[in-house]
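Step one of this worksheet: look at the structure below.
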Amino acid sequence: MPGISLICDFKKNLKQDVILKTLDNLIYDKDYYYQILINENQFIVSCTKYFEYPTQVFENDDFYFFIEGRIYNKNEYNIKIELSSLAKSIFNDNYNYKEYLKKWILDTDGDFIIFILHKSSNKMIIFNDSFGRLPLYYYYLGGKFLISREIRFIASLVNNIEIDNMGVALFLLFGYTMGERTLLKDVKYLEPATLLKIDPNISEITKVNIYKYNFEIKINKNKKIDNCADDLASLFIQACKNREQSDYKNVIGLSGGLDSRAVAAGLYKSKIPIYAATRLSYDKNEQIDVNIAKEIANTLNINWQLFNCEPNKGSDYLKLLNIKLGLVPLSISFIIPFLNNVKNFYGNNIVYFTGDGGDRIKPTLKPLKKLKNLDDLVNYIISSNFIFSLNDVSKLVNIAQHEIYEEIKNIVISYPETDLYQKYVHFMIYESAFKRVFEGEDKNRFYFWSVTPFYSIHFFNYAMNCTDKMKSHYKLYKKFLIKLSPQISYIKNANWGLPITSKKIYFYLIEYYLYKNLPSKFKKTLDLKLKKRFSLFNEVKTNDLINCFWDQINNCNYINKYISINYLKDFESVNKTPFFNLFTINSVIEKILCNRSVFDIYYDKDLVF
C-alpha cells in the first residue's frame, strides 16, 4: 500500500540496511517507489507511493510537515497556516490543545494522515481524520515504535512476529477485527481522530483520543424530513464538488444499487465531467447490475464503459494478500482484474468515486428487537453479524466462547453511548464500516485515489443527527435520492428488483426484518439450504482453489498452531464467505510464519469458488 512508514528505535539500534531492504520488498508494482523523508539517528520516516498518490511536504523554521491524502474543503495556504498554529499548540502542550485539534478535525473534510516533526527537539506527532479513512497500524514494544500504512512493513521489522489469536477469532466470526486489534499480535489499528505523540528523548509514546462519535445525539430531531432531505442533498453535492479533481479523470464505479447511483447523480448535478465503469464477471453474475447501471448512465448522459473480467487467478489473490495482509478477505480478490482494467483504460490520473458508506449512513441501523441489557446487545451483535458461529469459532481457534464474548462485550462497553440501540449503531459504524468497508475501499488506493462523498464529514454529521424514525423504511433515503435526481429514483434497485419509490418496498423490508430477527440456529439452517456450498474433501484434485487450501495446511505447520485442523475435518462442507475467511487466515499465517505463499505455485491458475 502507498503511504507513510516510520520506525523509531529508542535504543538507537536502527539497522538501515534491513529497513531499506524492507522498503524494497514493498514495491509490488512498476509504478511504485519509496522516498526517505527524514533519516535521523533514532528514527526514519519514509513514504511508499506512485506518482499520482497525494502527498505533500512543507516546512518552516520550527516544523516539518507531511500530509498524506487530501483535504477537500480548504486551500493549500489555509492548511499550512492552520497546521502551523496547531503544531505550536500541541508541542508547547497548551492546556487546550486537545480541544483546538478536535475543532480542527471536525471542521476538516478529508481523507488524511498528518505527521509533524518539531525540528529542535526531534519530537513528533501523527494524527488522522475523524473516521480514520486511511487505515494506519502501529506497534510499540521493547523500545521499538513502528507506524505504517503498510502492515507488512511492521510485520517485516518485528522480530518473531506472532498471530493474534483473538484477532483471528473476531475475523472468523465477523469478517473483520474489532477495536484496536489486527491479525498480528501487538500490532494495532490507530483509531479515528487519534493523536500519537512520540518523544525519542525520553523514549515515550503517548496516545490521545481526540474525538469519538456519540450517536445518541440527534440535533436534527425537530426538523421536518423534507428539510433534512434538502439539506443532505446540498451537502452531498458540495462533497462531490470538493472531491473532483479538474486535472484528473473522475471515474465512478457504477452498479445497479442505490449508493453508486446517488454519487453519479451528485456528480452530474455538480456539472462535473464523469466516466462510469461497471464490472461483469466471467460467469455473468452481475448482469442485472450491468443492465441497470447502463440505464442509469444513459439517463444521466454519462460516458459508460463495461469491463468484462476473466476469472481471478492466483496472482490476484497474491496481490491482495501482499497489499492488505488479510485485513481484506481474499473473497474480494475478484475485483483485482477490474481495478487493473480501469487503470489501464483510463490511465493513471484517476479519482475513483464509490458509493461506499451509503448503506451505513442512510437506512436506520438500530437493532430490530427489544434489548433489555448489555448481554442482549452482545448476543444481538453476534447473531446478526456472524459468519462462523461462535461455537465453531471457539473450536477452530481453541479459545473459550466466554473469552470471545467478553472481548466483544468490553469493546462495546467502551462506546460512549448509554442507549443500547445506539451502541449497536456505534458497532455498525466503528467496526463494520470503519474496519470492513474502509479496508475494502483502501485496496483501490493501491491503483488510484479512491473517494466517497458519503464520508464527507459535514454530510455524515448531518445524516447521523437525523432520527431513526426518518430513516426507517428508506423514507429519508428516498427523498434524498429524488432531490438529487427524480429520474434515477424511479429506476429499480438491483438488490430489490424494485425502485425505491415503489410502494412494495414496505413488504420487501418486512420480509428482510423477519429474516434478521430469526434465531441464529434457524438463520444458519436457512443459509445452509440457500447458499452454494463447497465440500472441503470431495472436490480435492478437481478444484484448484480447494487444492490451494489443503496445500497450505499440509505444508505450513504453523497453521495447526492457530487453527484446529481436527475440528475443521468435522465440516462436511462450507459456503463461500466462511470458506474465504478461513482461507484468508491460513494465507496470512503461511505468508508471515512460513515465509511462503501457495499463490506463487498457483500464480497463473484460475481460482474460483
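Within each chain, counting starts at residue 1; across the C-alpha cells, chains are named A, B, ... in the order shown, with ligands numbered 1 upward in that order.
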
Handout entry: Those of region 43-217 of chain A in DSSP strand (DSSP E or B), formatted as a ChimeraX atom specification
Key = /A:43-50,55-59,63-71,110-118,124-128,137-141,144-148,163,181,184,187-189,194-199,204-209

Practice task
Please provide as a PyMOL selection string all residues within 10 Å of Asn242 (chain A), with the sequence filter that same-chain residues fewer than 4 positions apart are discarded (counting only C-alpha atoms).
Solution key: chain A and resi 71-74+109-110+236-238+270+453+456

Written file, previous selection with all heavy atoms, as a short mmCIF file (atom, residue, chain, number, x, y, z; two decimals), in the first residue's frame:
data_model
loop_
_atom_site.label_atom_id
_atom_site.label_comp_id
_atom_site.auth_asym_id
_atom_site.auth_seq_id
_atom_site.Cartn_x
_atom_site.Cartn_y
_atom_site.Cartn_z
N ILE A 71 -7.26 17.00 1.69
CA ILE A 71 -8.22 17.82 2.44
C ILE A 71 -9.03 18.56 1.40
O ILE A 71 -8.48 19.26 0.54
CB ILE A 71 -7.50 18.77 3.40
CG1 ILE A 71 -6.81 17.95 4.51
CG2 ILE A 71 -8.47 19.78 4.01
CD1 ILE A 71 -5.88 18.75 5.39
N TYR A 72 -10.35 18.42 1.45
CA TYR A 72 -11.19 18.84 0.34
C TYR A 72 -11.81 20.24 0.49
O TYR A 72 -12.22 20.84 -0.49
CB TYR A 72 -12.32 17.83 0.13
CG TYR A 72 -11.83 16.41 -0.08
CD1 TYR A 72 -12.12 15.41 0.85
CD2 TYR A 72 -11.07 16.07 -1.19
CE1 TYR A 72 -11.67 14.11 0.67
CE2 TYR A 72 -10.60 14.78 -1.38
CZ TYR A 72 -10.91 13.80 -0.44
OH TYR A 72 -10.46 12.52 -0.63
N ASN A 73 -11.91 20.73 1.70
CA ASN A 73 -12.66 21.97 1.90
C ASN A 73 -11.78 23.16 2.31
O ASN A 73 -12.27 24.18 2.78
CB ASN A 73 -13.77 21.77 2.95
CG ASN A 73 -13.23 21.47 4.34
OD1 ASN A 73 -12.14 20.91 4.48
ND2 ASN A 73 -13.98 21.84 5.37
N LYS A 74 -10.43 23.01 2.13
CA LYS A 74 -9.53 24.11 2.49
C LYS A 74 -8.44 24.21 1.44
O LYS A 74 -8.00 23.19 0.90
CB LYS A 74 -8.90 23.86 3.87
CG LYS A 74 -9.93 23.81 5.00
CD LYS A 74 -9.30 23.51 6.35
CE LYS A 74 -10.38 23.49 7.44
NZ LYS A 74 -9.83 23.21 8.77
N ASP A 109 -12.85 18.48 6.15
CA ASP A 109 -13.38 17.41 5.32
C ASP A 109 -12.25 16.80 4.50
O ASP A 109 -11.70 17.45 3.61
CB ASP A 109 -14.47 17.97 4.39
CG ASP A 109 -15.10 16.89 3.52
OD1 ASP A 109 -15.02 15.71 3.90
OD2 ASP A 109 -15.68 17.24 2.47
N GLY A 110 -11.88 15.57 4.82
CA GLY A 110 -10.78 14.98 4.09
C GLY A 110 -10.50 13.56 4.49
O GLY A 110 -11.03 13.04 5.47
N PHE A 236 -24.32 16.87 0.02
CA PHE A 236 -23.78 15.79 -0.80
C PHE A 236 -23.22 16.32 -2.11
O PHE A 236 -22.12 15.95 -2.54
CB PHE A 236 -24.90 14.77 -1.07
CG PHE A 236 -24.42 13.46 -1.62
CD1 PHE A 236 -23.81 12.53 -0.81
CD2 PHE A 236 -24.61 13.15 -2.96
CE1 PHE A 236 -23.38 11.31 -1.31
CE2 PHE A 236 -24.18 11.94 -3.48
CZ PHE A 236 -23.56 11.01 -2.65
N ILE A 237 -23.96 17.21 -2.74
CA ILE A 237 -23.49 17.82 -3.99
C ILE A 237 -22.21 18.60 -3.75
O ILE A 237 -21.27 18.53 -4.55
CB ILE A 237 -24.60 18.72 -4.59
CG1 ILE A 237 -25.77 17.85 -5.08
CG2 ILE A 237 -24.06 19.58 -5.73
CD1 ILE A 237 -27.03 18.63 -5.39
N GLN A 238 -22.14 19.32 -2.63
CA GLN A 238 -20.93 20.06 -2.30
C GLN A 238 -19.76 19.10 -2.07
O GLN A 238 -18.62 19.36 -2.49
CB GLN A 238 -21.14 20.92 -1.05
CG GLN A 238 -19.98 21.84 -0.72
CD GLN A 238 -19.69 22.83 -1.86
OE1 GLN A 238 -20.58 23.53 -2.32
NE2 GLN A 238 -18.43 22.88 -2.29
N SER A 270 -23.49 18.39 -10.05
CA SER A 270 -22.39 19.34 -9.84
C SER A 270 -21.77 19.80 -11.15
O SER A 270 -20.82 20.58 -11.13
CB SER A 270 -21.31 18.70 -8.97
OG SER A 270 -21.84 18.22 -7.76
N PRO A 453 -18.29 10.54 -1.36
CA PRO A 453 -18.89 11.72 -0.72
C PRO A 453 -19.74 11.37 0.49
O PRO A 453 -20.07 12.24 1.29
CB PRO A 453 -19.73 12.35 -1.84
CG PRO A 453 -19.94 11.26 -2.84
CD PRO A 453 -18.75 10.36 -2.75
N SER A 456 -18.03 12.50 3.52
CA SER A 456 -17.77 13.91 3.79
C SER A 456 -18.19 14.16 5.24
O SER A 456 -19.29 13.78 5.66
CB SER A 456 -18.59 14.79 2.85
OG SER A 456 -18.72 16.09 3.38
#

Problem - Distance in Å - CA of Val425 (chain A) versus CA of Ile408 (chain A) - result: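 That distance, rounded to one decimal, is 14.7 Å.
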
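Ranking A:Arg70, A:Lys12, A:His458, A:Lys469 by their shortest atom-to-atom distance to Arg243 (chain A), with only C-alpha atoms included, puts A:Arg70 first.
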
Handout entry: Polymer residues at most 7 Å from Gly358 (chain A), only C-alpha atoms, same-chain spacing of 4 or more positions, as a list in words
Key = Asp259, Lys362 and Phe454 of chain A

For N, CA and C atoms, I'd like the residues from the last selection saved as a PDB file, in the first residue's frame.
ATOM      1  N   ASP A 259     -26.496   3.347  -3.825  1.00  0.00           N
ATOM      2  CA  ASP A 259     -25.465   4.263  -3.358  1.00  0.00           C
ATOM      3  C   ASP A 259     -24.609   4.816  -4.495  1.00  0.00           C
ATOM      4  N   LYS A 362     -27.560   5.966   5.518  1.00  0.00           N
ATOM      5  CA  LYS A 362     -28.940   6.348   5.232  1.00  0.00           C
ATOM      6  C   LYS A 362     -29.990   5.517   5.956  1.00  0.00           C
ATOM      7  N   PHE A 454     -20.120  10.103   0.634  1.00  0.00           N
ATOM      8  CA  PHE A 454     -20.904   9.715   1.819  1.00  0.00           C
ATOM      9  C   PHE A 454     -20.112   9.914   3.100  1.00  0.00           C
TER      10      PHE A 454
END

Handout entry: Shortest interatomic distance to Tyr139 (chain A) - which of A:Asp359, A:Asp600, A:Glu82, A:Asp9, counting only C-alpha atoms
Key = A:Asp9

Problem - Nearby residues (only C-alpha atoms) at most 8 Å from Asn586 (chain A), same-chain spacing under 5 positions excluded, as a PyMOL selection string - result: chain A and resi 549+552-553+559

Practice task
Select, from A:Ser502, A:Phe334, A:Ala239, A:Asp31, the residue with the minimum atom-to-atom distance to Asp283 (chain A), counting only C-alpha atoms.
Solution key: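 Using only C-alpha atoms, Asp283 (chain A) sits closest to A:Phe334.
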
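Every protein, DNA or RNA residue with an atom at most 9 Å from Thr48 (chain A), where only C-alpha atoms count and chain neighbours fewer than 3 positions away do not, is listed here: Met1, Pro2, Gly3, Ile4, Ser5, Leu23, Leu26, Ile27, Tyr32, Tyr33, Tyr34, Gln35, Ile36 and Glu150 of chain A.
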
Practice task
Tell me, as an MDAnalysis selection string, which residues lie within 10 Å of Asn25 (chain A), counting only C-alpha atoms; anything in the same chain fewer than 3 positions away does not count.
Solution key: chainID A and resid 19:22 28 152:153 156

Handout entry: Residue nearest Cys309 (chain A) - candidates A:Ile219, A:Ile336, A:Ile288, A:Ile67, atoms counted: only C-alpha atoms
Key = A:Ile336
